[in-house]
Amino acid sequence: MEPRPQGAEEAHRLEMTGIAKSYGAVRAIRSGELRVRPGTVHALVGENGAGKSTLIKILAGAEQPDSGEIRIDGRPVGVGSTAAAIDLGVATVYQEPQLFPDLTVAENVFLGRELRRRGQVDWVAQNARVVELLELIGLPARYATAPVRDLSIAEQQQVSIAKALGGEARILILDEPSAILTDSEIEVLFGVVRRLVATGVSVVYISHRLDELFTIASEVTVMRDGETVGSYAIEDLTVRRLVELMVGGTPVEATGRRDVPDVPPLLRLEGVSSGDRLTELDLAVRPGEVVTLYGLVGCGAADAAEVVYGIRRASAGRVLLDGAPVAPRSPRHARALGIGLLPSDRKRQGSFSFQSISFNIAAGNLPLLSRAGVWVDRRRERQVAREAIARFSVKTPHERQPISSMSGGNAQKVVLARQLVERPRVLVLAEPTQGVDVGAKEEIHRIVRGIADEGSAVLVVTTDLGEAIRLSDRLVVLRAGRAVAEFAPGASQADVLAAAAGDTADRAVPA
Amino acid sequence: MSVPSPARSRGREGASASSGRVLPFPVTGQELVLLGVIAALWLVLGLATPAFLTSGSLVPLLVSTAPIALVGLGVTVVIISGGIDVSVGSIVMVCAAVTATAMTAGDVPLVLALLLSVAVGGALGLVNGVLVAYGRVHAIIITFGTLNIFRYVGLQVFDGSTVDGIPATLAVFGRGEAGRTAGVPHSFLLVVILALAAWVALRHTAGGRHYYAIGGDAHAARLAGVAVRPRVLLAYVLTGLLTGLAACFVIAQGTSTLAPNVGLGLELSAIAAVVIGGTSITGGRGSVLGTVLGALLVQTVASGIIQLGWPSQLSSLFIGVFIIVAVGVDLLRQRGRSSS
């Protein structure tokens, strides 16, 4: 890993040109370009769905491009597999550390490529090499034989980097490394990155926290809608300019600002905090209003939803319903108060996958659908399921279809229907359209607005910028656990994203 | 969903046409297959040994099926909820020991003997339920622990010897003439009645349906507003109560002497019945009717092998094969479902 002289303009460590990739009818990348110089940190930014993950997967050998060329140090290469990528010196560190908690750091670093001597693992050589790596990334040498379980998340991430470097990497891809780290941990990470760059490694750095790019990166490549917009020297940009490049010129059509009745708020949060993840959030949602909490992953919006639904206790502050303080103890208690939740991660939290549609809709509403609260009224249960299927245009032959056989959008509608059997006074929706196709997304948005029109107070938590703007009557941006800006319908994507990503200049338009 | 919609009228028409079920497992599939297998076995056994299809052979078969099926009912609910209870054999031992000892000590009427046994079983089930529902340890560990603890308690009651001279108070559930009406053993009849009640409760009451939700995904059930822990607790108490009743059957079927090995290994027979009956060991799916049929199949095999004069250890082989086939069929069905 010798530092290379910064040579002519063409001396790129990595050149990806004319990359295209489709998944069926979806064109993930139409024309992807990425050029990275040796020994530099090159940021790759773009909104969700802009194509940056696909581009990275192609580089890491996890996906094969339909067309295009990849050159490393000027030589055209084929990255046919993740193993091929590692042989070429391309190492990837994913967001969540992918380590085995009960194995030691050394065992983790060499897992799958153990150093051997006469058929046995050469522990001495392995540990010696790990100590070198630990030194490089700034962890104490004694960590070599410590179980990964005993390390902090930040340290685990450093170990992941060490693991990636174990194969003599020339190009290190860091996929949103800072999303799960605290500010001081990010400083440590940057120290590691700088040390690596000094040894000649090229780092491709993906992040949604745009402000931090100005600290760590020297160049930025921006992607939008499957195309590379361009590459820029970081000193030529501001957060504001970067955001504009990311979102382009097309405004999102806001469908919010229907006539929200001017009545006192139904749901109020007063100074609600949750550990160090959410700090003193004030929020008010009126009946008939859709309020969105938008922010990047880890901004605290999800925690706010969990407090309202009784999954998480507020460490400070209070939740008021109709002016009366309530402290939801459990989801069951929240439901009794008239609060409904559409959980994020439908597969894990929302649905009973091998059960039928009607089972899934009835779950949690059974006392309501039962005579004397005990005896399930099967006819009503079926009828409710059929009505939901018709009302939300769920595509299914009949209500007995198991939910596991349905598409994401249809399954999401079923889980949503469960919350609407009895109209909730407050409906909390967490990432309501994650993993859902465009058509179903539109329909779900329409359903959500319909619920508000019927008089429910709707709180949406999302990391989807377009959704936040399209759906909201009022949009509150969270950053690092604090509300930083509020927008009326029709706000520009650039303004909202800039606020979420940490533009220091205050451009928020008061609602 | 107060909005009137076209589905309502369509729904009415459809109700008569469709079977109108909500759960994807009515009395079809595994239960019908089991019924067929049992019928075939009985037919083959009847042809091979003409004595098999007589009451002298069938009554003992049904009587010996009863305690396993009864314990299996409770274990089915527990397994549907995503848990397991391996301590039921020890619960039978404690209940039988306490009840038999009480009966030898004084003149205990039938009802009191039953209540005593069921109460002891319920108390032990409560111990399991509290630990499983409110502890953060998997049910197999908890009930494996209580299996040993309960066994210790039972051995204390036996105090190193057998319980002798048990009066015939419970003969109404025994193998003898007193134990049947019109040729049908009371114990088996009671099991069938309780199984039907459990079947209806699991399918048609809100509380029963919650077990399927909890076993399918406890976290999702919690988010849907199900009171998960009280529900789970109740499943173990219920199992304890049923196991207490099963202990009375065991006393009634034995001689006037009760040995400390009573109930030993019963949990394995019960779990075998549950699994062969089509209940998914990972929870969320299953039926108590399948369990009764599973227990009947297990006992038919054991009894048939004796009738045929084959070596009795063959029954272990057959039961083992049935378990693996049943689980294999379950896996294939799941795979078929997920690929469709």
# chains A, B, ... in the order shown; residues from 1 in each chain; ligands from 1
call {"tool": "interface_residues", "arguments": {"of": "chain A", "to": "chain B", "cutoff": "7 Å", "atoms": "only C-alpha atoms", "output": "ChimeraX atom specification"}}
result
/A:331-332,335,349-352,355-356,358-359,363-364,366-367,370,374-376,383-384,386-387,390,400,404-405,420-422
call {"tool": "residues_around", "arguments": {"residues": "Ile451 in chain A", "least_positions_apart": "6", "cutoff": "8 Å", "atoms": "only C-alpha atoms", "output": "PDB file with C-alpha atoms, in the first residue's frame"}}
result
ATOM      1  CA  GLY A 288     -57.991  16.305  10.313  1.00  0.00           C
ATOM      2  CA  ARG A 423     -61.332   4.773  13.214  1.00  0.00           C
ATOM      3  CA  VAL A 458     -52.372  11.762  11.644  1.00  0.00           C
TER       4      VAL A 458
END
call {"tool": "residues_around", "arguments": {"residues": "Leu242 in chain A", "least_positions_apart": "6", "cutoff": "12 Å", "atoms": "only C-alpha atoms", "output": "PyMOL selection string"}}
result
chain A and resi 43-47+208-211+213-214+219-224+229-236+248+494-495+497-498+501-503
call {"tool": "atom_distance", "arguments": {"atom1": "CA of Ala164 in chain A", "atom2": "CA of Gly89 in chain A"}}
result
9.3 Å
call {"tool": "select_by_dssp", "arguments": {"residues": "range 137-334 of chain B", "states": "helix (DSSP H, G or I)", "output": "PyMOL selection string"}}
result
chain B and resi 139-158+168-173+177-179+186-204+206-216+218-223+228-253+266-276+288-308+314-334
call {"tool": "closest_residue", "arguments": {"among": "B:Ser87, B:Thr104, B:Ser187, B:Thr169", "to": "Ile140 in chain B", "atoms": "only C-alpha atoms"}}
result
B:Ser87
call {"tool": "atom_distance", "arguments": {"atom1": "CA of Ala197 in chain B", "atom2": "CA of Leu70 in chain B"}}
result
12.2 Å
call {"tool": "select_by_dssp", "arguments": {"residues": "range 102-308 of chain B", "states": "strand (DSSP E)", "output": "list in words"}}
result
Arg180, Thr181, Val184 and Pro185 of chain B
call {"tool": "residues_around", "arguments": {"residues": "Ile91 in chain B", "least_positions_apart": "6", "cutoff": "9 Å", "atoms": "only C-alpha atoms", "output": "list in words"}}
result
Val120, Gly121, Leu124, Gly125, Leu147, Phe150, Arg151, Gly154, Gly240, Thr243, Gly244, Ala247 and Gly263 of chain B
call {"tool": "write_last_selection", "arguments": {"atoms": "N, CA and C atoms", "output": "PDB file, in the first residue's frame"}}
result
ATOM      1  N   VAL B 120     -53.612 -28.829  42.048  1.00  0.00           N
ATOM      2  CA  VAL B 120     -52.148 -28.964  42.129  1.00  0.00           C
ATOM      3  C   VAL B 120     -51.539 -28.736  40.746  1.00  0.00           C
ATOM      4  N   GLY B 121     -52.151 -29.327  39.732  1.00  0.00           N
ATOM      5  CA  GLY B 121     -51.652 -29.142  38.363  1.00  0.00           C
ATOM      6  C   GLY B 121     -51.670 -27.675  37.960  1.00  0.00           C
ATOM      7  N   LEU B 124     -48.826 -25.752  39.623  1.00  0.00           N
ATOM      8  CA  LEU B 124     -47.528 -25.991  38.977  1.00  0.00           C
ATOM      9  C   LEU B 124     -47.478 -25.295  37.612  1.00  0.00           C
ATOM     10  N   GLY B 125     -48.607 -25.310  36.903  1.00  0.00           N
ATOM     11  CA  GLY B 125     -48.679 -24.606  35.621  1.00  0.00           C
ATOM     12  C   GLY B 125     -48.472 -23.109  35.801  1.00  0.00           C
ATOM     13  N   LEU B 147     -39.209 -29.247  35.181  1.00  0.00           N
ATOM     14  CA  LEU B 147     -39.320 -30.706  35.058  1.00  0.00           C
ATOM     15  C   LEU B 147     -38.561 -31.385  36.203  1.00  0.00           C
ATOM     16  N   PHE B 150     -40.023 -30.208  39.814  1.00  0.00           N
ATOM     17  CA  PHE B 150     -41.289 -30.882  40.121  1.00  0.00           C
ATOM     18  C   PHE B 150     -41.044 -32.361  40.442  1.00  0.00           C
ATOM     19  N   ARG B 151     -40.104 -32.952  39.705  1.00  0.00           N
ATOM     20  CA  ARG B 151     -39.791 -34.355  39.962  1.00  0.00           C
ATOM     21  C   ARG B 151     -39.260 -34.545  41.386  1.00  0.00           C
ATOM     22  N   GLY B 154     -42.173 -34.353  43.669  1.00  0.00           N
ATOM     23  CA  GLY B 154     -42.931 -35.599  43.607  1.00  0.00           C
ATOM     24  C   GLY B 154     -42.256 -36.717  44.385  1.00  0.00           C
ATOM     25  N   GLY B 240     -51.406 -26.971  32.954  1.00  0.00           N
ATOM     26  CA  GLY B 240     -51.302 -27.557  34.283  1.00  0.00           C
ATOM     27  C   GLY B 240     -52.621 -28.164  34.729  1.00  0.00           C
ATOM     28  N   THR B 243     -53.346 -31.287  32.808  1.00  0.00           N
ATOM     29  CA  THR B 243     -52.416 -32.327  33.215  1.00  0.00           C
ATOM     30  C   THR B 243     -52.830 -32.907  34.569  1.00  0.00           C
ATOM     31  N   GLY B 244     -53.357 -32.045  35.445  1.00  0.00           N
ATOM     32  CA  GLY B 244     -53.871 -32.524  36.730  1.00  0.00           C
ATOM     33  C   GLY B 244     -55.000 -33.522  36.537  1.00  0.00           C
ATOM     34  N   ALA B 247     -53.684 -36.777  35.370  1.00  0.00           N
ATOM     35  CA  ALA B 247     -53.097 -37.563  36.462  1.00  0.00           C
ATOM     36  C   ALA B 247     -54.158 -38.469  37.091  1.00  0.00           C
ATOM     37  N   GLY B 263     -45.736 -41.059  35.093  1.00  0.00           N
ATOM     38  CA  GLY B 263     -45.607 -39.838  34.283  1.00  0.00           C
ATOM     39  C   GLY B 263     -44.277 -39.693  33.579  1.00  0.00           C
TER      40      GLY B 263
END
call {"tool": "residues_around", "arguments": {"residues": "Arg71 in chain A", "least_positions_apart": "4", "cutoff": "6 Å", "atoms": "only C-alpha atoms", "output": "PyMOL selection string"}}
result
chain A and resi 14-15+75-77
call {"tool": "write_last_selection", "arguments": {"atoms": "N, CA and C atoms", "output": "PDB file, in the first residue's frame"}}
result
ATOM      1  N   LEU A  14      -9.812   4.650  -9.355  1.00  0.00           N
ATOM      2  CA  LEU A  14     -11.019   3.950  -9.810  1.00  0.00           C
ATOM      3  C   LEU A  14     -11.733   4.800 -10.858  1.00  0.00           C
ATOM      4  N   GLU A  15     -12.130   4.163 -11.939  1.00  0.00           N
ATOM      5  CA  GLU A  15     -12.981   4.834 -12.929  1.00  0.00           C
ATOM      6  C   GLU A  15     -14.136   3.925 -13.271  1.00  0.00           C
ATOM      7  N   ARG A  75      -6.467  -0.130 -15.383  1.00  0.00           N
ATOM      8  CA  ARG A  75      -6.700  -1.401 -16.052  1.00  0.00           C
ATOM      9  C   ARG A  75      -8.166  -1.760 -16.003  1.00  0.00           C
ATOM     10  N   PRO A  76      -8.752  -2.135 -17.139  1.00  0.00           N
ATOM     11  CA  PRO A  76     -10.150  -2.575 -17.111  1.00  0.00           C
ATOM     12  C   PRO A  76     -10.262  -3.863 -16.303  1.00  0.00           C
ATOM     13  N   VAL A  77     -11.237  -3.917 -15.442  1.00  0.00           N
ATOM     14  CA  VAL A  77     -11.397  -5.117 -14.625  1.00  0.00           C
ATOM     15  C   VAL A  77     -12.850  -5.587 -14.684  1.00  0.00           C
TER      16      VAL A  77
END
call {"tool": "residues_around", "arguments": {"residues": "range 475-478 of chain A", "least_positions_apart": "6", "cutoff": "8 Å", "atoms": "only C-alpha atoms", "output": "PyMOL selection string"}}
result
chain A and resi 291-296+299-301+468-469+484-489+496+499-500
call {"tool": "atom_distance", "arguments": {"atom1": "CA of Gly439 in chain A", "atom2": "CA of Gly409 in chain A"}}
result
8.5 Å
call {"tool": "residues_around", "arguments": {"residues": "Phe318 in chain B", "least_positions_apart": "6", "cutoff": "12 Å", "atoms": "only C-alpha atoms", "output": "list in words"}}
result
Ala272, Ile276, Leu297, Val298, Gln299, Thr300, Val301, Ala302, Gly304, Ile305, Ser312, Ile324 and Val325 of chain B
call {"tool": "decode", "arguments": {"residues": "range 59-104 of chain B", "atoms": "N, CA and C atoms", "output": "PDB file, in the first residue's frame"}}
result
ATOM      1  N   VAL B  59     -61.200 -50.674  23.633  1.00  0.00           N
ATOM      2  CA  VAL B  59     -61.408 -49.891  24.856  1.00  0.00           C
ATOM      3  C   VAL B  59     -60.091 -49.569  25.560  1.00  0.00           C
ATOM      4  N   PRO B  60     -59.230 -50.561  25.784  1.00  0.00           N
ATOM      5  CA  PRO B  60     -57.935 -50.212  26.399  1.00  0.00           C
ATOM      6  C   PRO B  60     -57.152 -49.205  25.561  1.00  0.00           C
ATOM      7  N   LEU B  61     -57.291 -49.331  24.243  1.00  0.00           N
ATOM      8  CA  LEU B  61     -56.583 -48.391  23.362  1.00  0.00           C
ATOM      9  C   LEU B  61     -57.062 -46.957  23.615  1.00  0.00           C
ATOM     10  N   LEU B  62     -58.384 -46.789  23.653  1.00  0.00           N
ATOM     11  CA  LEU B  62     -58.921 -45.444  23.863  1.00  0.00           C
ATOM     12  C   LEU B  62     -58.593 -44.944  25.271  1.00  0.00           C
ATOM     13  N   VAL B  63     -58.690 -45.851  26.246  1.00  0.00           N
ATOM     14  CA  VAL B  63     -58.396 -45.458  27.624  1.00  0.00           C
ATOM     15  C   VAL B  63     -56.956 -44.998  27.760  1.00  0.00           C
ATOM     16  N   SER B  64     -56.047 -45.721  27.125  1.00  0.00           N
ATOM     17  CA  SER B  64     -54.642 -45.343  27.275  1.00  0.00           C
ATOM     18  C   SER B  64     -54.307 -44.106  26.437  1.00  0.00           C
ATOM     19  N   THR B  65     -55.142 -43.811  25.442  1.00  0.00           N
ATOM     20  CA  THR B  65     -54.926 -42.598  24.654  1.00  0.00           C
ATOM     21  C   THR B  65     -55.305 -41.359  25.455  1.00  0.00           C
ATOM     22  N   ALA B  66     -56.314 -41.514  26.326  1.00  0.00           N
ATOM     23  CA  ALA B  66     -56.900 -40.349  26.981  1.00  0.00           C
ATOM     24  C   ALA B  66     -55.898 -39.436  27.696  1.00  0.00           C
ATOM     25  N   PRO B  67     -55.051 -39.962  28.612  1.00  0.00           N
ATOM     26  CA  PRO B  67     -54.170 -39.021  29.316  1.00  0.00           C
ATOM     27  C   PRO B  67     -53.200 -38.305  28.381  1.00  0.00           C
ATOM     28  N   ILE B  68     -52.694 -39.023  27.384  1.00  0.00           N
ATOM     29  CA  ILE B  68     -51.745 -38.390  26.452  1.00  0.00           C
ATOM     30  C   ILE B  68     -52.437 -37.286  25.669  1.00  0.00           C
ATOM     31  N   ALA B  69     -53.646 -37.593  25.191  1.00  0.00           N
ATOM     32  CA  ALA B  69     -54.384 -36.597  24.410  1.00  0.00           C
ATOM     33  C   ALA B  69     -54.734 -35.391  25.275  1.00  0.00           C
ATOM     34  N   LEU B  70     -55.091 -35.647  26.528  1.00  0.00           N
ATOM     35  CA  LEU B  70     -55.491 -34.565  27.420  1.00  0.00           C
ATOM     36  C   LEU B  70     -54.320 -33.625  27.698  1.00  0.00           C
ATOM     37  N   VAL B  71     -53.185 -34.206  28.047  1.00  0.00           N
ATOM     38  CA  VAL B  71     -51.988 -33.385  28.249  1.00  0.00           C
ATOM     39  C   VAL B  71     -51.644 -32.681  26.938  1.00  0.00           C
ATOM     40  N   GLY B  72     -51.809 -33.415  25.832  1.00  0.00           N
ATOM     41  CA  GLY B  72     -51.506 -32.861  24.513  1.00  0.00           C
ATOM     42  C   GLY B  72     -52.342 -31.629  24.198  1.00  0.00           C
ATOM     43  N   LEU B  73     -53.582 -31.582  24.672  1.00  0.00           N
ATOM     44  CA  LEU B  73     -54.430 -30.410  24.416  1.00  0.00           C
ATOM     45  C   LEU B  73     -53.758 -29.151  24.948  1.00  0.00           C
ATOM     46  N   GLY B  74     -53.327 -29.232  26.207  1.00  0.00           N
ATOM     47  CA  GLY B  74     -52.669 -28.073  26.810  1.00  0.00           C
ATOM     48  C   GLY B  74     -51.381 -27.743  26.085  1.00  0.00           C
ATOM     49  N   VAL B  75     -50.598 -28.787  25.815  1.00  0.00           N
ATOM     50  CA  VAL B  75     -49.306 -28.561  25.158  1.00  0.00           C
ATOM     51  C   VAL B  75     -49.522 -27.958  23.767  1.00  0.00           C
ATOM     52  N   THR B  76     -50.633 -28.323  23.111  1.00  0.00           N
ATOM     53  CA  THR B  76     -50.931 -27.745  21.797  1.00  0.00           C
ATOM     54  C   THR B  76     -51.088 -26.230  21.903  1.00  0.00           C
ATOM     55  N   VAL B  77     -51.856 -25.795  22.888  1.00  0.00           N
ATOM     56  CA  VAL B  77     -52.053 -24.352  23.061  1.00  0.00           C
ATOM     57  C   VAL B  77     -50.712 -23.677  23.326  1.00  0.00           C
ATOM     58  N   VAL B  78     -49.915 -24.301  24.190  1.00  0.00           N
ATOM     59  CA  VAL B  78     -48.604 -23.730  24.508  1.00  0.00           C
ATOM     60  C   VAL B  78     -47.740 -23.633  23.253  1.00  0.00           C
ATOM     61  N   ILE B  79     -47.744 -24.701  22.455  1.00  0.00           N
ATOM     62  CA  ILE B  79     -46.881 -24.704  21.261  1.00  0.00           C
ATOM     63  C   ILE B  79     -47.411 -23.723  20.218  1.00  0.00           C
ATOM     64  N   ILE B  80     -48.726 -23.620  20.080  1.00  0.00           N
ATOM     65  CA  ILE B  80     -49.279 -22.627  19.149  1.00  0.00           C
ATOM     66  C   ILE B  80     -48.833 -21.224  19.552  1.00  0.00           C
ATOM     67  N   SER B  81     -48.751 -20.980  20.868  1.00  0.00           N
ATOM     68  CA  SER B  81     -48.346 -19.657  21.332  1.00  0.00           C
ATOM     69  C   SER B  81     -46.843 -19.425  21.186  1.00  0.00           C
ATOM     70  N   GLY B  82     -46.145 -20.392  20.639  1.00  0.00           N
ATOM     71  CA  GLY B  82     -44.717 -20.221  20.397  1.00  0.00           C
ATOM     72  C   GLY B  82     -43.840 -20.741  21.526  1.00  0.00           C
ATOM     73  N   GLY B  83     -44.430 -21.408  22.508  1.00  0.00           N
ATOM     74  CA  GLY B  83     -43.647 -21.933  23.619  1.00  0.00           C
ATOM     75  C   GLY B  83     -43.586 -23.442  23.584  1.00  0.00           C
ATOM     76  N   ILE B  84     -43.209 -24.038  24.703  1.00  0.00           N
ATOM     77  CA  ILE B  84     -43.233 -25.487  24.844  1.00  0.00           C
ATOM     78  C   ILE B  84     -43.276 -25.798  26.325  1.00  0.00           C
ATOM     79  N   ASP B  85     -43.803 -26.952  26.684  1.00  0.00           N
ATOM     80  CA  ASP B  85     -43.818 -27.346  28.090  1.00  0.00           C
ATOM     81  C   ASP B  85     -43.352 -28.792  28.189  1.00  0.00           C
ATOM     82  N   VAL B  86     -42.118 -28.982  28.649  1.00  0.00           N
ATOM     83  CA  VAL B  86     -41.599 -30.346  28.788  1.00  0.00           C
ATOM     84  C   VAL B  86     -41.745 -30.841  30.226  1.00  0.00           C
ATOM     85  N   SER B  87     -42.383 -30.044  31.082  1.00  0.00           N
ATOM     86  CA  SER B  87     -42.487 -30.444  32.494  1.00  0.00           C
ATOM     87  C   SER B  87     -43.760 -31.232  32.791  1.00  0.00           C
ATOM     88  N   VAL B  88     -44.605 -31.479  31.777  1.00  0.00           N
ATOM     89  CA  VAL B  88     -45.914 -32.082  32.049  1.00  0.00           C
ATOM     90  C   VAL B  88     -45.811 -33.482  32.659  1.00  0.00           C
ATOM     91  N   GLY B  89     -44.778 -34.244  32.286  1.00  0.00           N
ATOM     92  CA  GLY B  89     -44.604 -35.570  32.874  1.00  0.00           C
ATOM     93  C   GLY B  89     -44.412 -35.458  34.387  1.00  0.00           C
ATOM     94  N   SER B  90     -43.614 -34.486  34.804  1.00  0.00           N
ATOM     95  CA  SER B  90     -43.379 -34.284  36.233  1.00  0.00           C
ATOM     96  C   SER B  90     -44.640 -33.767  36.918  1.00  0.00           C
ATOM     97  N   ILE B  91     -45.430 -32.957  36.205  1.00  0.00           N
ATOM     98  CA  ILE B  91     -46.674 -32.457  36.811  1.00  0.00           C
ATOM     99  C   ILE B  91     -47.621 -33.631  37.067  1.00  0.00           C
ATOM    100  N   VAL B  92     -47.701 -34.556  36.111  1.00  0.00           N
ATOM    101  CA  VAL B  92     -48.528 -35.749  36.311  1.00  0.00           C
ATOM    102  C   VAL B  92     -48.050 -36.499  37.549  1.00  0.00           C
ATOM    103  N   MET B  93     -46.731 -36.618  37.683  1.00  0.00           N
ATOM    104  CA  MET B  93     -46.180 -37.349  38.820  1.00  0.00           C
ATOM    105  C   MET B  93     -46.593 -36.704  40.143  1.00  0.00           C
ATOM    106  N   VAL B  94     -46.424 -35.373  40.252  1.00  0.00           N
ATOM    107  CA  VAL B  94     -46.746 -34.679  41.500  1.00  0.00           C
ATOM    108  C   VAL B  94     -48.242 -34.801  41.788  1.00  0.00           C
ATOM    109  N   CYS B  95     -49.063 -34.524  40.777  1.00  0.00           N
ATOM    110  CA  CYS B  95     -50.513 -34.558  40.972  1.00  0.00           C
ATOM    111  C   CYS B  95     -50.962 -35.955  41.396  1.00  0.00           C
ATOM    112  N   ALA B  96     -50.442 -36.982  40.703  1.00  0.00           N
ATOM    113  CA  ALA B  96     -50.841 -38.353  41.010  1.00  0.00           C
ATOM    114  C   ALA B  96     -50.394 -38.722  42.420  1.00  0.00           C
ATOM    115  N   ALA B  97     -49.179 -38.329  42.758  1.00  0.00           N
ATOM    116  CA  ALA B  97     -48.651 -38.678  44.075  1.00  0.00           C
ATOM    117  C   ALA B  97     -49.481 -38.018  45.173  1.00  0.00           C
ATOM    118  N   VAL B  98     -49.750 -36.720  45.025  1.00  0.00           N
ATOM    119  CA  VAL B  98     -50.494 -35.987  46.044  1.00  0.00           C
ATOM    120  C   VAL B  98     -51.911 -36.558  46.164  1.00  0.00           C
ATOM    121  N   THR B  99     -52.559 -36.749  45.018  1.00  0.00           N
ATOM    122  CA  THR B  99     -53.948 -37.205  45.029  1.00  0.00           C
ATOM    123  C   THR B  99     -54.049 -38.628  45.597  1.00  0.00           C
ATOM    124  N   ALA B 100     -53.159 -39.495  45.128  1.00  0.00           N
ATOM    125  CA  ALA B 100     -53.202 -40.888  45.594  1.00  0.00           C
ATOM    126  C   ALA B 100     -52.922 -40.965  47.086  1.00  0.00           C
ATOM    127  N   THR B 101     -51.968 -40.163  47.549  1.00  0.00           N
ATOM    128  CA  THR B 101     -51.642 -40.155  48.978  1.00  0.00           C
ATOM    129  C   THR B 101     -52.846 -39.689  49.792  1.00  0.00           C
ATOM    130  N   ALA B 102     -53.511 -38.616  49.308  1.00  0.00           N
ATOM    131  CA  ALA B 102     -54.691 -38.107  50.007  1.00  0.00           C
ATOM    132  C   ALA B 102     -55.785 -39.171  50.055  1.00  0.00           C
ATOM    133  N   MET B 103     -55.950 -39.886  48.924  1.00  0.00           N
ATOM    134  CA  MET B 103     -57.013 -40.895  48.854  1.00  0.00           C
ATOM    135  C   MET B 103     -56.746 -42.057  49.809  1.00  0.00           C
ATOM    136  N   THR B 104     -55.489 -42.408  49.970  1.00  0.00           N
ATOM    137  CA  THR B 104     -55.188 -43.511  50.892  1.00  0.00           C
ATOM    138  C   THR B 104     -55.325 -43.053  52.340  1.00  0.00           C
TER     139      THR B 104
END
